[in-house]
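This report refers to the structure that appears directly beneath it.
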Amino acid sequence: MNPFRVNRPWRAAAEAAALLVAAVVAFPLYWMVLSALKPAGEIQSANPRPWTLAPSLDSFHRVFAQQDFARYFLNSLLVATAVVVASALIAFLAATAVTRFRFRLRTTLLVMFLVAQMVPIEALTIPLFFLMRDFGQLNTLGSLILPHIAFSLPFAIWMLRGFVRAVPEALEEAAYLDGASRARFLWQILFPLVFPGLVATSVFSFISTWNDFLFAKSFLISDTSQSTLPMALLVFFKPDENDWGGIMAASTVMTVPVLVFFVLVQRRLVSGLGGAVKD
């Protein structure tokens with residue numbers, strides 16, 4: 001009996017289950033975009049339908065007509081880019097240090113990274129507020145960049161340790177014998193080899209920073225010019241009646257950069273996650 005024929009029904013069932021899971025995951029995104037395109041009458045209808053025969057861009061017009069919306073978008077992009085670049089570079093250097101060097105309290109430091117990852121962000125918001133106040137960073141983008149870098153580093157360092165450890169030490173010794181300095185080995189040899197891991201960690205850093213609302217609401221108190229896109233959604237929440245079309249349109253606009261980022265790094269992301277699982 002051909003084993004491929006025996007496994008074919010199971011493979012079809014697995015593919016059907018995967019399609020079902022993908023549909024369940026994608027449905028909220030579909031409903032968000034659909035609600036953004038629906039006229040106001042259909043959104044407020046007591047019998048919502050999963051389609052529309054009269055798509056409209058009025059909700060998107062209201063979003064882009066909001067004052068300083070472009071500034072909010074640039075602020076979010078600046079904060080997310082700064083966090084991704086800074087956390088990737090710091091995590092790369094730290095992962096290399098704790099993997100390649102032997103020093104006192106190295107294990108303790110790694111355990112502290114793990115413990116820091118377990119602490120919920122909500123429990124640290126108030127202490128971080130007083131810390132940012134003492135540093136004079138309230139109402140600045142720095143109050144968003146610094147905490148997100150700190151919260152991104154433990155996960156990034158733990159993940160990159162596997163990639164750095166997977167690079168044979170013989171390769172490093174061969175580079176030194178060929179006259180390469182430690183800095184040259186670090187940036188020209190080791191960095192390209194662990195780059196897929198950097199991409200994988202950067203995706204998580206980008207998403208958590210881009211969608212952040214808690215820190216933005218807590219640290220940006222009075223200066224609205226420093227607000228980010230999640231704060232812009234508050235404009236459409238009104239005491240009498242929420243503008244659900246505007247909320248969904250703004251959420252769709254917020255989702256586009258994340259999708260673009262995924263498309264740009266998807267190949268590196270797959271290889272990076274595969275390398276982490278293999279390790």
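Going by the structure tokens order, chains are called A, B, ..., each with residues numbered from 1, while ligands are numbered from 1 in the order shown.
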Ala216 (chain A) environment, 12 Å, only C-alpha atoms, sequence neighbours closer than 5 positions dropped, as a ChimeraX atom specification
/A:72,75-76,79,125,129,138-145,147-148,209-211,221-232,234
Run DSSP on the backbone and tell me which residues of region 6-221 of chain A come out as alpha helix (DSSP H); list them as a PDB file with C-alpha atoms, in the first residue's frame.
ATOM      1  CA  VAL A   6      -2.850   6.672   3.422  1.00  0.00           C
ATOM      2  CA  ASN A   7      -1.608  10.048   4.611  1.00  0.00           C
ATOM      3  CA  ARG A   8      -3.553  12.007   2.022  1.00  0.00           C
ATOM      4  CA  PRO A   9      -6.844  12.197   4.023  1.00  0.00           C
ATOM      5  CA  TRP A  10      -4.939  13.348   7.106  1.00  0.00           C
ATOM      6  CA  ARG A  11      -3.131  15.948   5.050  1.00  0.00           C
ATOM      7  CA  ALA A  12      -6.418  17.221   3.631  1.00  0.00           C
ATOM      8  CA  ALA A  13      -7.874  17.404   7.141  1.00  0.00           C
ATOM      9  CA  ALA A  14      -4.823  19.318   8.392  1.00  0.00           C
ATOM     10  CA  GLU A  15      -5.057  21.772   5.493  1.00  0.00           C
ATOM     11  CA  ALA A  16      -8.773  22.272   6.125  1.00  0.00           C
ATOM     12  CA  ALA A  17      -8.101  22.900   9.818  1.00  0.00           C
ATOM     13  CA  ALA A  18      -5.349  25.385   8.931  1.00  0.00           C
ATOM     14  CA  LEU A  19      -7.705  27.230   6.577  1.00  0.00           C
ATOM     15  CA  LEU A  20     -10.373  27.325   9.283  1.00  0.00           C
ATOM     16  CA  VAL A  21      -7.933  28.760  11.839  1.00  0.00           C
ATOM     17  CA  ALA A  22      -6.707  31.319   9.281  1.00  0.00           C
ATOM     18  CA  ALA A  23     -10.293  32.362   8.554  1.00  0.00           C
ATOM     19  CA  VAL A  24     -11.062  32.778  12.253  1.00  0.00           C
ATOM     20  CA  VAL A  25      -7.915  34.859  12.747  1.00  0.00           C
ATOM     21  CA  ALA A  26      -8.511  36.981   9.632  1.00  0.00           C
ATOM     22  CA  PHE A  27     -12.224  37.625  10.290  1.00  0.00           C
ATOM     23  CA  PRO A  28     -11.687  40.490  12.788  1.00  0.00           C
ATOM     24  CA  LEU A  29      -9.415  42.219  10.260  1.00  0.00           C
ATOM     25  CA  TYR A  30     -12.025  41.718   7.548  1.00  0.00           C
ATOM     26  CA  TRP A  31     -14.758  43.128   9.796  1.00  0.00           C
ATOM     27  CA  MET A  32     -12.584  46.108  10.683  1.00  0.00           C
ATOM     28  CA  VAL A  33     -11.970  47.010   7.040  1.00  0.00           C
ATOM     29  CA  LEU A  34     -15.614  46.320   6.175  1.00  0.00           C
ATOM     30  CA  SER A  35     -16.841  48.612   8.953  1.00  0.00           C
ATOM     31  CA  ALA A  36     -14.456  51.308   7.777  1.00  0.00           C
ATOM     32  CA  LEU A  37     -15.980  51.104   4.289  1.00  0.00           C
ATOM     33  CA  ALA A  40     -22.980  55.308   8.658  1.00  0.00           C
ATOM     34  CA  GLY A  41     -26.453  53.850   8.235  1.00  0.00           C
ATOM     35  CA  GLU A  42     -25.183  50.296   7.779  1.00  0.00           C
ATOM     36  CA  ILE A  43     -22.772  50.525  10.709  1.00  0.00           C
ATOM     37  CA  ASP A  58     -16.247  58.922   4.263  1.00  0.00           C
ATOM     38  CA  SER A  59     -14.762  57.349   7.397  1.00  0.00           C
ATOM     39  CA  PHE A  60     -11.250  57.597   5.945  1.00  0.00           C
ATOM     40  CA  HIS A  61     -11.914  61.206   4.967  1.00  0.00           C
ATOM     41  CA  ARG A  62     -12.844  62.003   8.564  1.00  0.00           C
ATOM     42  CA  VAL A  63      -9.688  60.299   9.803  1.00  0.00           C
ATOM     43  CA  PHE A  64      -7.322  62.193   7.524  1.00  0.00           C
ATOM     44  CA  ALA A  65      -9.227  65.416   8.117  1.00  0.00           C
ATOM     45  CA  PHE A  69      -3.151  63.123  12.250  1.00  0.00           C
ATOM     46  CA  ALA A  70      -0.041  63.140  10.061  1.00  0.00           C
ATOM     47  CA  ARG A  71       2.006  64.287  13.060  1.00  0.00           C
ATOM     48  CA  TYR A  72       0.636  61.409  15.143  1.00  0.00           C
ATOM     49  CA  PHE A  73       1.601  58.979  12.386  1.00  0.00           C
ATOM     50  CA  LEU A  74       5.144  60.358  12.182  1.00  0.00           C
ATOM     51  CA  ASN A  75       5.476  60.246  15.972  1.00  0.00           C
ATOM     52  CA  SER A  76       4.484  56.570  16.022  1.00  0.00           C
ATOM     53  CA  LEU A  77       6.872  55.812  13.177  1.00  0.00           C
ATOM     54  CA  LEU A  78       9.721  57.639  14.893  1.00  0.00           C
ATOM     55  CA  VAL A  79       9.162  55.898  18.225  1.00  0.00           C
ATOM     56  CA  ALA A  80       8.829  52.443  16.661  1.00  0.00           C
ATOM     57  CA  THR A  81      11.908  52.899  14.464  1.00  0.00           C
ATOM     58  CA  ALA A  82      14.031  54.155  17.367  1.00  0.00           C
ATOM     59  CA  VAL A  83      12.962  51.241  19.577  1.00  0.00           C
ATOM     60  CA  VAL A  84      13.594  48.634  16.866  1.00  0.00           C
ATOM     61  CA  VAL A  85      17.053  49.920  15.949  1.00  0.00           C
ATOM     62  CA  ALA A  86      18.240  50.609  19.504  1.00  0.00           C
ATOM     63  CA  SER A  87      16.912  47.374  21.000  1.00  0.00           C
ATOM     64  CA  ALA A  88      18.348  45.291  18.140  1.00  0.00           C
ATOM     65  CA  LEU A  89      21.840  46.762  18.470  1.00  0.00           C
ATOM     66  CA  ILE A  90      21.900  46.610  22.273  1.00  0.00           C
ATOM     67  CA  ALA A  91      20.477  43.079  22.322  1.00  0.00           C
ATOM     68  CA  PHE A  92      23.044  41.919  19.747  1.00  0.00           C
ATOM     69  CA  LEU A  93      25.954  43.269  21.794  1.00  0.00           C
ATOM     70  CA  ALA A  94      24.519  41.957  25.066  1.00  0.00           C
ATOM     71  CA  ALA A  95      23.777  38.495  23.647  1.00  0.00           C
ATOM     72  CA  THR A  96      27.315  38.319  22.280  1.00  0.00           C
ATOM     73  CA  ALA A  97      28.757  39.341  25.648  1.00  0.00           C
ATOM     74  CA  VAL A  98      26.806  36.807  27.729  1.00  0.00           C
ATOM     75  CA  THR A  99      27.476  34.030  25.213  1.00  0.00           C
ATOM     76  CA  ARG A 100      31.122  34.523  24.254  1.00  0.00           C
ATOM     77  CA  ARG A 106      26.741  35.982  34.229  1.00  0.00           C
ATOM     78  CA  THR A 107      24.107  33.389  35.137  1.00  0.00           C
ATOM     79  CA  THR A 108      22.524  35.798  37.606  1.00  0.00           C
ATOM     80  CA  LEU A 109      22.290  38.416  34.897  1.00  0.00           C
ATOM     81  CA  LEU A 110      20.552  35.986  32.550  1.00  0.00           C
ATOM     82  CA  VAL A 111      18.085  35.012  35.257  1.00  0.00           C
ATOM     83  CA  MET A 112      17.377  38.696  35.867  1.00  0.00           C
ATOM     84  CA  PHE A 113      16.580  39.091  32.159  1.00  0.00           C
ATOM     85  CA  LEU A 114      14.105  36.225  32.447  1.00  0.00           C
ATOM     86  CA  VAL A 115      12.508  37.610  35.616  1.00  0.00           C
ATOM     87  CA  ALA A 116      12.181  41.052  34.015  1.00  0.00           C
ATOM     88  CA  GLN A 117      10.258  39.443  31.158  1.00  0.00           C
ATOM     89  CA  MET A 118       7.732  38.022  33.637  1.00  0.00           C
ATOM     90  CA  ILE A 121       3.882  46.194  32.225  1.00  0.00           C
ATOM     91  CA  GLU A 122       0.855  47.457  34.165  1.00  0.00           C
ATOM     92  CA  ALA A 123       2.649  46.872  37.470  1.00  0.00           C
ATOM     93  CA  LEU A 124       5.528  49.133  36.411  1.00  0.00           C
ATOM     94  CA  THR A 125       3.581  51.973  34.825  1.00  0.00           C
ATOM     95  CA  ILE A 126       3.325  54.094  37.985  1.00  0.00           C
ATOM     96  CA  PRO A 127       7.010  53.682  38.972  1.00  0.00           C
ATOM     97  CA  LEU A 128       7.991  54.486  35.384  1.00  0.00           C
ATOM     98  CA  PHE A 129       5.794  57.589  35.494  1.00  0.00           C
ATOM     99  CA  PHE A 130       7.684  58.958  38.514  1.00  0.00           C
ATOM    100  CA  LEU A 131      10.989  57.960  36.915  1.00  0.00           C
ATOM    101  CA  MET A 132      10.173  59.832  33.699  1.00  0.00           C
ATOM    102  CA  ARG A 133       9.001  62.811  35.734  1.00  0.00           C
ATOM    103  CA  ASP A 134      12.286  62.931  37.649  1.00  0.00           C
ATOM    104  CA  GLY A 142      11.649  59.830  24.952  1.00  0.00           C
ATOM    105  CA  SER A 143       9.167  58.725  27.617  1.00  0.00           C
ATOM    106  CA  LEU A 144       7.861  56.172  25.099  1.00  0.00           C
ATOM    107  CA  ILE A 145      11.167  55.139  23.528  1.00  0.00           C
ATOM    108  CA  LEU A 146      13.119  54.383  26.709  1.00  0.00           C
ATOM    109  CA  PRO A 147      10.545  52.083  28.418  1.00  0.00           C
ATOM    110  CA  HIS A 148       9.877  50.146  25.233  1.00  0.00           C
ATOM    111  CA  ILE A 149      13.591  49.582  24.689  1.00  0.00           C
ATOM    112  CA  ALA A 150      13.858  48.304  28.255  1.00  0.00           C
ATOM    113  CA  PHE A 151      10.909  45.935  27.842  1.00  0.00           C
ATOM    114  CA  SER A 152      12.120  44.675  24.445  1.00  0.00           C
ATOM    115  CA  LEU A 153      15.647  43.817  25.557  1.00  0.00           C
ATOM    116  CA  PRO A 154      15.060  40.742  27.803  1.00  0.00           C
ATOM    117  CA  PHE A 155      13.204  38.798  25.100  1.00  0.00           C
ATOM    118  CA  ALA A 156      15.613  39.920  22.383  1.00  0.00           C
ATOM    119  CA  ILE A 157      18.702  38.968  24.390  1.00  0.00           C
ATOM    120  CA  TRP A 158      17.359  35.540  25.280  1.00  0.00           C
ATOM    121  CA  MET A 159      16.410  34.830  21.678  1.00  0.00           C
ATOM    122  CA  LEU A 160      19.676  36.091  20.193  1.00  0.00           C
ATOM    123  CA  ARG A 161      21.718  33.991  22.606  1.00  0.00           C
ATOM    124  CA  GLY A 162      20.759  30.925  20.612  1.00  0.00           C
ATOM    125  CA  PHE A 163      21.865  32.475  17.337  1.00  0.00           C
ATOM    126  CA  VAL A 164      25.200  33.654  18.717  1.00  0.00           C
ATOM    127  CA  ARG A 165      25.831  30.296  20.366  1.00  0.00           C
ATOM    128  CA  ALA A 166      25.072  28.507  17.085  1.00  0.00           C
ATOM    129  CA  GLU A 169      33.880  29.285  17.921  1.00  0.00           C
ATOM    130  CA  ALA A 170      36.208  27.808  15.311  1.00  0.00           C
ATOM    131  CA  LEU A 171      34.914  30.431  12.890  1.00  0.00           C
ATOM    132  CA  GLU A 172      35.882  33.162  15.308  1.00  0.00           C
ATOM    133  CA  GLU A 173      39.331  31.645  15.820  1.00  0.00           C
ATOM    134  CA  ALA A 174      39.845  31.352  12.064  1.00  0.00           C
ATOM    135  CA  ALA A 175      38.921  35.017  11.630  1.00  0.00           C
ATOM    136  CA  TYR A 176      41.470  36.038  14.264  1.00  0.00           C
ATOM    137  CA  LEU A 177      44.155  33.925  12.577  1.00  0.00           C
ATOM    138  CA  ARG A 182      37.268  41.597  17.326  1.00  0.00           C
ATOM    139  CA  ALA A 183      35.225  44.521  16.010  1.00  0.00           C
ATOM    140  CA  ARG A 184      35.576  43.324  12.419  1.00  0.00           C
ATOM    141  CA  PHE A 191      26.240  40.246  12.671  1.00  0.00           C
ATOM    142  CA  PRO A 192      25.169  38.893   9.220  1.00  0.00           C
ATOM    143  CA  LEU A 193      24.893  35.365  10.643  1.00  0.00           C
ATOM    144  CA  VAL A 194      22.530  36.386  13.452  1.00  0.00           C
ATOM    145  CA  PHE A 195      20.626  38.932  11.343  1.00  0.00           C
ATOM    146  CA  PRO A 196      17.567  36.635  10.912  1.00  0.00           C
ATOM    147  CA  GLY A 197      17.278  36.509  14.693  1.00  0.00           C
ATOM    148  CA  LEU A 198      17.484  40.296  14.851  1.00  0.00           C
ATOM    149  CA  VAL A 199      14.632  40.527  12.359  1.00  0.00           C
ATOM    150  CA  ALA A 200      12.487  38.148  14.399  1.00  0.00           C
ATOM    151  CA  THR A 201      13.014  40.120  17.600  1.00  0.00           C
ATOM    152  CA  SER A 202      12.494  43.409  15.767  1.00  0.00           C
ATOM    153  CA  VAL A 203       9.034  42.323  14.645  1.00  0.00           C
ATOM    154  CA  PHE A 204       7.881  41.860  18.220  1.00  0.00           C
ATOM    155  CA  SER A 205       9.465  45.157  19.256  1.00  0.00           C
ATOM    156  CA  PHE A 206       7.808  46.998  16.391  1.00  0.00           C
ATOM    157  CA  ILE A 207       4.334  45.594  17.054  1.00  0.00           C
ATOM    158  CA  SER A 208       4.378  46.221  20.810  1.00  0.00           C
ATOM    159  CA  THR A 209       5.656  49.781  20.317  1.00  0.00           C
ATOM    160  CA  TRP A 210       3.392  50.666  17.398  1.00  0.00           C
ATOM    161  CA  LEU A 214      -0.792  52.487  28.008  1.00  0.00           C
ATOM    162  CA  PHE A 215       2.512  54.376  28.038  1.00  0.00           C
ATOM    163  CA  ALA A 216       1.241  57.017  25.619  1.00  0.00           C
ATOM    164  CA  LYS A 217      -1.805  57.663  27.801  1.00  0.00           C
ATOM    165  CA  SER A 218       0.266  57.696  31.012  1.00  0.00           C
ATOM    166  CA  PHE A 219       3.316  59.747  29.967  1.00  0.00           C
TER     167      PHE A 219
END
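What separates CA of Leu105 (chain A) from CA of Phe185 (chain A) is a distance of 25.7 Å.
Counting only C-alpha atoms, Pro39 (chain A) has the following residues at most 8 Å away, ignoring those fewer than 5 positions along the same chain: Ala54, Pro55, Ser56, Asp58 and Gly245 of chain A.
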Could you turn the residues from that selection into a file that holds N, CA, C and O atoms, as a CSV table (one decimal), in the first residue's frame?
chain,number,residue,atom,x,y,z
A,54,ALA,N,-22.7,49.3,-0.9
A,54,ALA,CA,-22.4,50.8,-1.1
A,54,ALA,C,-21.2,51.2,-0.3
A,54,ALA,O,-21.3,52.0,0.6
A,55,PRO,N,-20.0,50.7,-0.7
A,55,PRO,CA,-18.8,51.1,0.0
A,55,PRO,C,-18.6,52.6,0.0
A,55,PRO,O,-18.8,53.3,-1.1
A,56,SER,N,-18.1,53.2,1.0
A,56,SER,CA,-17.8,54.6,1.1
A,56,SER,C,-16.5,54.9,1.8
A,56,SER,O,-16.1,54.1,2.7
A,58,ASP,N,-16.0,57.8,3.4
A,58,ASP,CA,-16.2,58.9,4.3
A,58,ASP,C,-15.5,58.8,5.6
A,58,ASP,O,-15.0,59.8,6.1
A,245,GLY,N,-17.3,54.2,12.5
A,245,GLY,CA,-16.7,54.2,11.2
A,245,GLY,C,-15.3,54.8,11.3
A,245,GLY,O,-14.3,54.3,10.7
